>>> print(open('upload-v8.csv').read())   # CSV, C-alpha atoms
chain,number,residue,atom,x,y,z
A,192,MET,CA,113.1,83.2,189.7
A,193,ASN,CA,111.8,84.5,186.4
A,194,SER,CA,109.5,87.5,186.8
A,195,ILE,CA,107.7,90.2,184.9
A,196,SER,CA,109.4,93.6,185.2
A,197,ARG,CA,107.1,95.2,187.7
A,198,ALA,CA,106.6,92.1,189.7
A,199,ALA,CA,110.4,91.7,190.3
A,200,VAL,CA,110.4,94.0,193.3
A,201,TRP,CA,107.4,92.3,194.9
A,202,THR,CA,108.8,88.7,194.5
A,203,ALA,CA,112.5,89.4,195.2
A,204,THR,CA,112.2,88.5,198.8
A,205,LEU,CA,109.9,85.6,198.1
A,206,THR,CA,112.1,83.7,195.7
A,207,ILE,CA,112.7,80.1,196.5
A,208,GLY,CA,115.8,78.8,194.7
A,209,LEU,CA,115.1,75.7,192.7
A,210,GLY,CA,116.3,74.4,189.3
A,211,GLY,CA,115.7,71.7,186.8
A,212,VAL,CA,113.8,70.8,183.6
A,213,ALA,CA,110.7,68.8,183.5
A,214,ALA,CA,107.7,67.1,182.1
A,215,CYS,CA,104.2,67.6,183.4
A,216,GLY,CA,100.7,66.6,182.7
A,217,ALA,CA,97.2,67.9,183.1
A,218,ASN,CA,93.8,66.4,183.7
A,219,ASP,CA,90.5,68.2,183.5
A,220,ASP,CA,88.4,65.4,184.8
A,221,GLY,CA,88.9,64.7,188.5
A,222,GLY,CA,91.8,62.6,189.5
A,223,GLY,CA,94.7,61.7,187.5
A,224,ASP,CA,97.2,58.9,187.8
A,225,SER,CA,100.1,59.1,190.1
A,226,ASP,CA,102.9,57.7,187.9
A,227,SER,CA,105.4,60.5,188.4
A,228,ALA,CA,108.6,59.5,190.2
A,229,ASP,CA,108.3,59.3,194.0
A,230,GLY,CA,104.7,60.4,193.8
A,231,LYS,CA,105.5,64.0,192.9
A,232,THR,CA,102.1,65.0,191.8
A,233,ILE,CA,100.8,68.5,192.3
A,234,ALA,CA,97.1,69.0,192.0
A,235,LEU,CA,96.1,72.4,190.7
A,236,LEU,CA,92.4,73.1,191.4
A,237,LEU,CA,90.9,76.2,189.9
A,238,PRO,CA,87.3,77.5,190.4
A,239,GLU,CA,85.8,78.4,187.1
A,240,THR,CA,86.2,79.3,183.4
A,241,LYS,CA,84.0,82.3,183.0
A,242,THR,CA,86.9,84.6,184.2
A,243,THR,CA,89.4,84.4,181.4
A,244,ARG,CA,92.5,84.5,183.6
A,245,TYR,CA,92.3,80.9,184.9
A,246,GLU,CA,92.5,79.1,181.6
A,247,SER,CA,94.5,81.7,179.7
A,248,PHE,CA,97.1,82.6,182.4
A,249,ASP,CA,97.0,80.9,185.8
A,250,LYS,CA,97.0,77.3,184.5
A,251,PRO,CA,99.7,77.6,181.7
A,252,LEU,CA,101.9,79.8,183.8
A,253,PHE,CA,101.8,77.5,186.8
A,254,GLU,CA,102.4,74.4,184.7
A,255,ALA,CA,105.3,76.0,182.8
A,256,LYS,CA,107.0,77.0,186.1
A,257,VAL,CA,106.6,73.5,187.6
A,258,LYS,CA,108.1,72.1,184.4
A,259,GLU,CA,111.0,74.4,184.6
A,260,LEU,CA,111.7,73.6,188.2
A,261,CYS,CA,111.1,69.9,188.6
A,262,ASP,CA,112.0,67.2,186.2
A,263,ASP,CA,110.0,64.5,188.0
A,264,CYS,CA,106.9,66.5,189.0
A,265,LYS,CA,103.4,66.1,187.4
A,266,VAL,CA,100.6,68.7,187.5
A,267,ASP,CA,97.1,67.3,187.7
A,268,TYR,CA,94.8,70.1,186.6
A,269,LEU,CA,91.2,70.3,187.6
A,270,ASN,CA,88.5,73.0,187.1
A,271,ALA,CA,85.3,73.0,189.2
A,272,ASP,CA,83.2,75.1,186.8
A,273,GLN,CA,81.9,77.2,189.7
A,274,ASP,CA,80.6,74.1,191.5
A,275,ALA,CA,81.8,73.7,195.1
A,276,SER,CA,80.5,70.1,195.3
A,277,LYS,CA,82.4,69.2,192.2
A,278,GLN,CA,85.5,70.8,193.6
A,279,GLN,CA,85.3,68.8,196.8
A,280,GLN,CA,85.0,65.6,194.7
A,281,GLN,CA,88.0,66.6,192.5
A,282,ALA,CA,90.1,67.3,195.6
A,283,GLN,CA,89.2,64.0,197.2
A,284,SER,CA,90.0,62.2,194.0
A,285,ALA,CA,93.3,64.0,193.7
A,286,ILE,CA,94.2,63.0,197.3
A,287,THR,CA,93.1,59.4,196.6
A,288,ASN,CA,95.2,59.3,193.5
A,289,GLY,CA,98.4,60.3,195.3
A,290,ALA,CA,98.7,64.1,195.0
A,291,SER,CA,101.5,65.3,197.2
A,292,VAL,CA,100.3,68.9,197.3
A,293,LEU,CA,97.0,70.7,196.6
A,294,VAL,CA,97.1,74.2,195.1
A,295,LEU,CA,93.5,75.2,195.6
A,296,ASP,CA,91.6,78.3,194.4
A,297,PRO,CA,88.3,77.6,196.1
A,298,VAL,CA,84.8,78.1,194.6
A,299,ASP,CA,83.5,78.5,198.2
A,300,GLY,CA,86.1,79.5,200.7
A,301,LYS,CA,84.2,78.3,203.7
A,302,ALA,CA,83.3,75.0,202.2
A,303,ALA,CA,86.9,74.5,201.2
A,304,THR,CA,87.9,74.1,204.8
A,305,THR,CA,86.5,70.6,204.5
A,306,ILE,CA,89.0,70.0,201.7
A,307,VAL,CA,91.8,71.3,203.8
A,308,LYS,CA,91.0,69.1,206.7
A,309,SER,CA,90.7,66.0,204.5
A,310,ALA,CA,94.0,66.8,202.8
A,311,GLN,CA,95.9,67.4,206.0
A,312,GLY,CA,94.4,64.2,207.4
A,313,SER,CA,96.2,62.5,204.6
A,314,GLU,CA,99.4,64.5,205.2
A,315,VAL,CA,98.9,66.5,202.0
A,316,PRO,CA,99.6,70.2,202.4
A,317,VAL,CA,97.2,72.8,200.9
A,318,VAL,CA,98.2,76.0,199.3
A,319,ALA,CA,95.3,78.5,199.2
A,320,TYR,CA,95.8,80.1,195.8
A,321,ASP,CA,94.4,83.6,195.2
A,322,ARG,CA,91.5,83.1,197.6
A,323,PHE,CA,92.0,82.6,201.3
A,324,ILE,CA,91.0,79.3,203.1
A,325,GLU,CA,91.0,79.2,206.8
A,326,GLY,CA,93.4,76.6,208.1
A,327,ALA,CA,95.4,76.2,204.9
A,328,ASP,CA,99.1,75.5,205.1
A,329,TYR,CA,100.0,78.5,202.9
A,330,TYR,CA,98.2,81.3,201.2
A,331,ILE,CA,99.3,83.2,198.0
A,332,SER,CA,97.4,86.2,196.8
A,333,PHE,CA,97.3,90.0,196.3
A,334,ASP,CA,96.4,92.6,198.9
A,335,ASN,CA,92.7,92.2,198.2
A,336,GLU,CA,91.4,94.9,200.5
A,337,ARG,CA,93.8,97.3,198.8
A,338,VAL,CA,92.3,96.3,195.4
A,339,GLY,CA,88.9,97.5,196.6
A,340,GLN,CA,90.4,100.7,198.0
A,341,MET,CA,92.1,101.4,194.6
A,342,GLN,CA,88.8,100.8,192.8
A,343,GLY,CA,86.9,103.1,195.2
A,344,GLU,CA,89.6,105.8,195.0
A,345,ALA,CA,89.5,105.7,191.2
A,346,LEU,CA,85.7,106.1,191.2
A,347,VAL,CA,85.9,109.1,193.5
A,348,GLU,CA,88.5,110.6,191.2
A,349,ALA,CA,86.6,109.9,188.0
A,350,THR,CA,83.3,111.3,189.4
A,351,GLY,CA,84.7,114.4,191.1
A,352,ASP,CA,83.4,112.9,194.4
A,353,LYS,CA,79.8,113.6,193.8
A,354,GLY,CA,76.7,111.9,192.4
A,355,ASP,CA,74.8,108.6,192.5
A,356,VAL,CA,76.6,105.3,191.8
A,357,LEU,CA,75.8,101.6,191.5
A,358,MET,CA,77.9,99.0,193.3
A,359,LEU,CA,78.4,95.5,191.9
A,360,ASN,CA,80.3,93.2,194.2
A,361,GLY,CA,81.6,89.6,193.7
A,362,SER,CA,80.2,86.3,194.8
A,363,PRO,CA,79.3,86.0,198.5
A,364,THR,CA,81.0,82.6,198.5
A,365,ASP,CA,84.3,84.0,197.3
A,366,PRO,CA,86.4,85.2,200.3
A,367,ASN,CA,88.3,87.7,198.1
A,368,ALA,CA,85.0,89.4,197.2
A,369,ALA,CA,84.4,90.3,200.8
A,370,GLN,CA,87.8,91.8,201.0
A,371,PHE,CA,87.3,93.8,197.8
A,372,LYS,CA,83.9,95.0,199.1
A,373,LYS,CA,85.4,96.0,202.5
A,374,GLY,CA,88.2,98.0,200.8
A,375,ALA,CA,85.8,99.7,198.4
A,376,HIS,CA,83.3,100.6,201.2
A,377,SER,CA,86.1,102.1,203.3
A,378,VAL,CA,86.6,104.7,200.6
A,379,LEU,CA,83.1,105.1,199.2
A,380,ASP,CA,81.4,105.4,202.5
A,381,GLU,CA,83.6,108.3,203.4
A,382,SER,CA,83.2,110.0,200.0
A,383,GLY,CA,80.6,112.4,198.6
A,384,LEU,CA,79.1,109.6,196.4
A,385,THR,CA,75.8,108.0,197.1
A,386,ILE,CA,75.4,104.3,196.5
A,387,VAL,CA,71.8,104.0,195.2
A,388,ALA,CA,71.8,100.2,194.8
A,389,GLU,CA,74.2,97.4,195.6
A,390,TYR,CA,74.4,93.9,194.3
A,391,ASP,CA,76.4,90.8,195.4
A,392,ASN,CA,76.7,88.8,192.1
A,393,PRO,CA,76.3,85.1,192.9
A,394,ASP,CA,78.9,83.8,190.4
A,395,TRP,CA,80.6,87.0,189.1
A,396,SER,CA,78.4,86.6,186.0
A,397,PRO,CA,78.7,89.3,183.4
A,398,ASP,CA,75.1,88.5,182.3
A,399,ASN,CA,73.9,89.0,185.9
A,400,ALA,CA,75.7,92.3,186.0
A,401,GLN,CA,74.0,93.4,182.9
A,402,LYS,CA,70.6,92.4,184.1
A,403,PHE,CA,71.0,94.1,187.5
A,404,THR,CA,72.3,97.3,185.9
A,405,SER,CA,69.4,97.3,183.4
A,406,SER,CA,66.9,96.7,186.2
A,407,GLN,CA,68.1,99.8,188.0
A,408,PHE,CA,67.3,102.0,184.9
A,409,ASN,CA,63.6,101.5,185.9
A,410,LYS,CA,64.4,103.4,189.1
A,411,VAL,CA,67.2,105.8,188.0
A,412,ASP,CA,67.7,107.5,184.7
A,413,PRO,CA,71.0,106.0,183.4
A,414,GLY,CA,72.1,109.4,182.3
A,415,ASP,CA,71.9,110.6,185.9
A,416,LEU,CA,74.3,108.0,187.3
A,417,ALA,CA,77.8,109.4,188.0
A,418,GLY,CA,79.5,106.0,187.9
A,419,VAL,CA,79.5,102.3,188.6
A,420,TYR,CA,81.7,100.3,191.0
A,421,ALA,CA,82.2,96.9,189.3
A,422,ALA,CA,84.4,94.5,191.3
A,423,ASN,CA,85.9,92.9,188.2
A,424,ASP,CA,86.2,93.3,184.5
A,425,GLY,CA,83.6,90.7,183.6
A,426,GLN,CA,81.0,92.6,185.5
A,427,ALA,CA,82.3,95.9,184.0
A,428,GLY,CA,81.6,94.4,180.6
A,429,GLY,CA,78.0,93.6,181.6
A,430,VAL,CA,77.5,97.1,183.0
A,431,PHE,CA,78.9,98.7,179.8
A,432,ALA,CA,76.5,96.5,177.7
A,433,ALA,CA,73.6,97.6,179.8
A,434,PHE,CA,74.3,101.3,179.3
A,435,LYS,CA,74.8,100.8,175.5
A,436,ALA,CA,71.5,98.8,175.3
A,437,ALA,CA,69.8,101.7,177.0
A,438,GLY,CA,71.1,104.1,174.4
A,439,VAL,CA,73.5,106.0,176.6
A,440,LYS,CA,76.0,107.8,174.4
A,441,SER,CA,78.4,108.9,177.2
A,442,VAL,CA,78.8,105.9,179.6
A,443,PRO,CA,79.9,107.0,183.1
A,444,PRO,CA,83.1,105.8,184.7
A,445,ILE,CA,83.2,102.1,185.5
A,446,THR,CA,85.8,100.3,187.6
A,447,GLY,CA,87.1,96.8,187.1
A,448,GLN,CA,89.7,94.2,188.0
A,449,ASP,CA,91.8,91.4,186.4
A,450,ALA,CA,93.1,93.5,183.4
A,451,GLU,CA,91.2,91.3,180.9
A,452,LEU,CA,92.0,92.1,177.3
A,453,ALA,CA,88.4,93.4,176.6
A,454,ALA,CA,88.7,95.7,179.6
A,455,ILE,CA,92.0,97.1,178.5
A,456,GLN,CA,90.5,97.8,175.1
A,457,ARG,CA,87.5,99.5,176.8
A,458,ILE,CA,89.9,101.6,178.9
A,459,VAL,CA,91.8,102.7,175.8
A,460,ALA,CA,88.5,103.6,174.1
A,461,GLY,CA,87.3,105.5,177.1
A,462,GLN,CA,84.5,103.0,177.9
A,463,GLN,CA,85.8,101.8,181.2
A,464,PHE,CA,87.7,104.1,183.6
A,465,MET,CA,90.2,101.6,185.2
A,466,THR,CA,91.0,98.1,186.1
A,467,VAL,CA,93.2,96.5,188.7
A,468,TYR,CA,96.1,94.6,187.3
A,469,LYS,CA,97.3,91.7,189.5
A,470,PRO,CA,100.4,90.3,187.8
A,471,ILE,CA,99.3,86.7,187.6
A,472,LYS,CA,102.7,85.5,186.4
A,473,ALA,CA,104.2,86.5,189.7
A,474,GLU,CA,101.4,84.8,191.6
A,475,ALA,CA,101.3,81.6,189.5
A,476,GLU,CA,105.1,81.2,189.6
A,477,GLN,CA,105.3,81.8,193.3
A,478,ALA,CA,102.7,79.1,193.8
A,479,ALA,CA,104.6,76.7,191.6
A,480,GLU,CA,107.8,77.3,193.4
A,481,LEU,CA,106.1,76.8,196.8
A,482,ALA,CA,104.4,73.6,195.6
A,483,VAL,CA,107.7,72.2,194.2
A,484,ASP,CA,109.5,73.0,197.5
A,485,LEU,CA,106.7,71.3,199.4
A,486,VAL,CA,106.9,68.2,197.2
A,487,ASN,CA,110.7,68.1,197.7
A,488,GLY,CA,110.5,68.6,201.5
A,489,GLU,CA,112.3,71.9,201.4
A,490,ASP,CA,112.0,74.5,204.2
A,491,ILE,CA,109.8,77.5,203.3
A,492,SER,CA,110.9,81.0,204.1
A,493,GLY,CA,109.9,84.6,203.3
A,494,THR,CA,106.3,84.3,204.4
A,495,THR,CA,104.2,86.8,206.3
A,496,ASP,CA,101.2,86.1,208.5
A,497,PHE,CA,97.7,86.5,207.1
A,498,GLN,CA,94.9,85.4,209.6
A,499,GLY,CA,97.2,82.8,211.0
A,500,VAL,CA,98.4,81.3,207.7
A,501,PRO,CA,101.9,81.7,206.4
A,502,SER,CA,101.4,83.8,203.3
A,503,PHE,CA,102.9,85.5,200.3
A,504,ILE,CA,101.0,88.8,199.6
A,505,LEU,CA,101.7,90.6,196.4
A,506,ASP,CA,100.9,94.2,195.3
A,507,PRO,CA,98.2,95.1,192.8
A,508,ILE,CA,98.4,98.0,190.2
A,509,SER,CA,95.8,100.4,189.1
A,510,VAL,CA,95.6,100.7,185.3
A,511,LYS,CA,94.0,103.6,183.5
A,512,GLN,CA,94.2,105.0,180.0
A,513,ASP,CA,97.5,106.8,180.7
A,514,ASN,CA,99.5,103.9,182.0
A,515,VAL,CA,98.4,100.9,179.8
A,516,GLY,CA,101.8,101.0,178.0
A,517,ASP,CA,103.7,101.2,181.3
A,518,THR,CA,101.9,98.3,182.9
A,519,VAL,CA,100.3,95.4,181.0
A,520,VAL,CA,102.2,96.1,177.8
A,521,LYS,CA,105.6,96.7,179.5
A,522,ASP,CA,105.1,93.4,181.4
A,523,GLU,CA,104.2,91.6,178.2
A,524,PHE,CA,100.9,90.6,179.6
A,525,TYR,CA,99.5,91.8,176.3
A,526,THR,CA,101.1,93.1,173.1
A,527,VAL,CA,100.1,96.4,171.5
A,528,GLU,CA,98.9,94.3,168.5
A,529,GLN,CA,96.5,92.3,170.8
A,530,ILE,CA,95.0,95.5,172.2
A,531,CYS,CA,95.0,97.7,169.2
A,532,THR,CA,92.8,95.7,166.8
A,533,ASP,CA,91.2,97.6,163.9
A,534,GLU,CA,88.2,98.5,166.1
A,535,TYR,CA,90.6,100.2,168.6
A,536,ALA,CA,93.3,101.5,166.3
A,537,ALA,CA,92.2,105.1,166.4
A,538,ALA,CA,91.8,105.0,170.2
A,539,CYS,CA,95.2,103.4,170.6
A,540,GLU,CA,96.9,106.1,168.5
A,541,LYS,CA,95.2,108.8,170.6
A,542,ALA,CA,96.3,107.0,173.8
A,543,GLY,CA,99.9,106.8,172.5
A,544,LEU,CA,100.0,103.0,172.1
A,545,SER,CA,102.1,102.0,169.1
>>> encode(input="upload-v8.csv", output="structure tokens")
Amino acid sequence: MNSISRAAVWTATLTIGLGGVAACGANDDGGGDSDSADGKTIALLLPETKTTRYESFDKPLFEAKVKELCDDCKVDYLNADQDASKQQQQAQSAITNGASVLVLDPVDGKAATTIVKSAQGSEVPVVAYDRFIEGADYYISFDNERVGQMQGEALVEATGDKGDVLMLNGSPTDPNAAQFKKGAHSVLDESGLTIVAEYDNPDWSPDNAQKFTSSQFNKVDPGDLAGVYAANDGQAGGVFAAFKAAGVKSVPPITGQDAELAAIQRIVAGQQFMTVYKPIKAEAEQAAELAVDLVNGEDISGTTDFQGVPSFILDPISVKQDNVGDTVVKDEFYTVEQICTDEYAAACEKAGLS
């Protein structure tokens, strides 16, 4: 199994040995053909495009790994654009058109149980990808509660464990968001910080995050806030924009997640305190290996139990200004050139990125 350097340890026990060279296809519209040999079609259903990881990383990494492993497999790619009903239609279309496996990152984890039951009724296994789905055949993700704990711990560290903070969580329909929130609260509720306002963002929208943060400035002087818990980098960007629009020169520590390029640049520049890096290459490649094994009728081993579902759980990494080079750069997630554009050149030099 190919792997990024830091992910090798996590995935060593999860590797499923397969080989081959392949051709694969993609379809953004809802149901592709089933002309691959022996019906070896793998449907990859992702939830939305606002978060940059899905189109930029998950999709191409998954497709590339399937292509490497299976010379007669086809990937039917579908994106729901944050619409649970659309995703249900896409899944049913994929099943009708002969998909042998569904790799599903749900818009709405609870609603996706209907997809699981429909697929299993057609003898099509479902791999819950990144977000948990009750009753799925397999689940692949990171330790999401630990993600929230890491974010909470970072905020406590950055604030000196005192002061007022805002808390911006993910979508209530995203099962991962509940895990992040639980992990963060387990730290923040026992800390010296006071959560003065909390918000569950319906669709993880950066615009919503900016609006919510700005609205709080009518109640709390932005200069008096010690920090902000933002559950992902998109929201962190919205929070940062709200502080800048309010004329705050020294923005307080902000957390994040997903290691988006803009977030890494903000971290280097001292505009965001941290992000949580979840090596997507390890996750996408593990999902591809599992899907190919399922298509080929291979036995699956190396799983652990998560809420009754055989699972592969990977470890997240906290990224701050002092370890950007040892994490996302070392793993070739981003190059120094991508991070250190002209706007961030001075900050990069100060941070030792070259």
>>> residues_around(input="upload-v8.csv", residues="Pro413 in chain A", least_positions_apart="5", cutoff="8 Å", atoms="all atoms listed in the file", output="count of residues only")
4
>>> residues_around(input="upload-v8.csv", residues="range 420-427 of chain A", least_positions_apart="2", cutoff="8 Å", atoms="only C-alpha atoms", output="number ranges by chain")
A: 242, 339, 342-343, 346, 356-361, 368, 371-372, 395-401, 418, 429-431, 445-451, 454, 463, 466
>>> residues_around(input="upload-v8.csv", residues="Asp380 in chain A", least_positions_apart="4", cutoff="12 Å", atoms="all atoms listed in the file", output="ChimeraX atom specification")
/A:340,343-344,347,352,356,358,372-376,384-386
>>> closest_atom_pairs(input="upload-v8.csv", of="range 428-519 of chain A", to="range 303-320 of chain A", cutoff="8 Å", atoms="all atoms listed in the file", output="tab-separated table")
residue	atom	partner	partner_atom	distance
A:Ala478	CA	A:Tyr320	CA	7.3
A:Ala482	CA	A:Val318	CA	7.6
A:Leu485	CA	A:Pro316	CA	7.8
>>> atom_distance(input="upload-v8.csv", atom1="CA of Tyr390 in chain A", atom2="CA of Lys410 in chain A")
14.7 Å
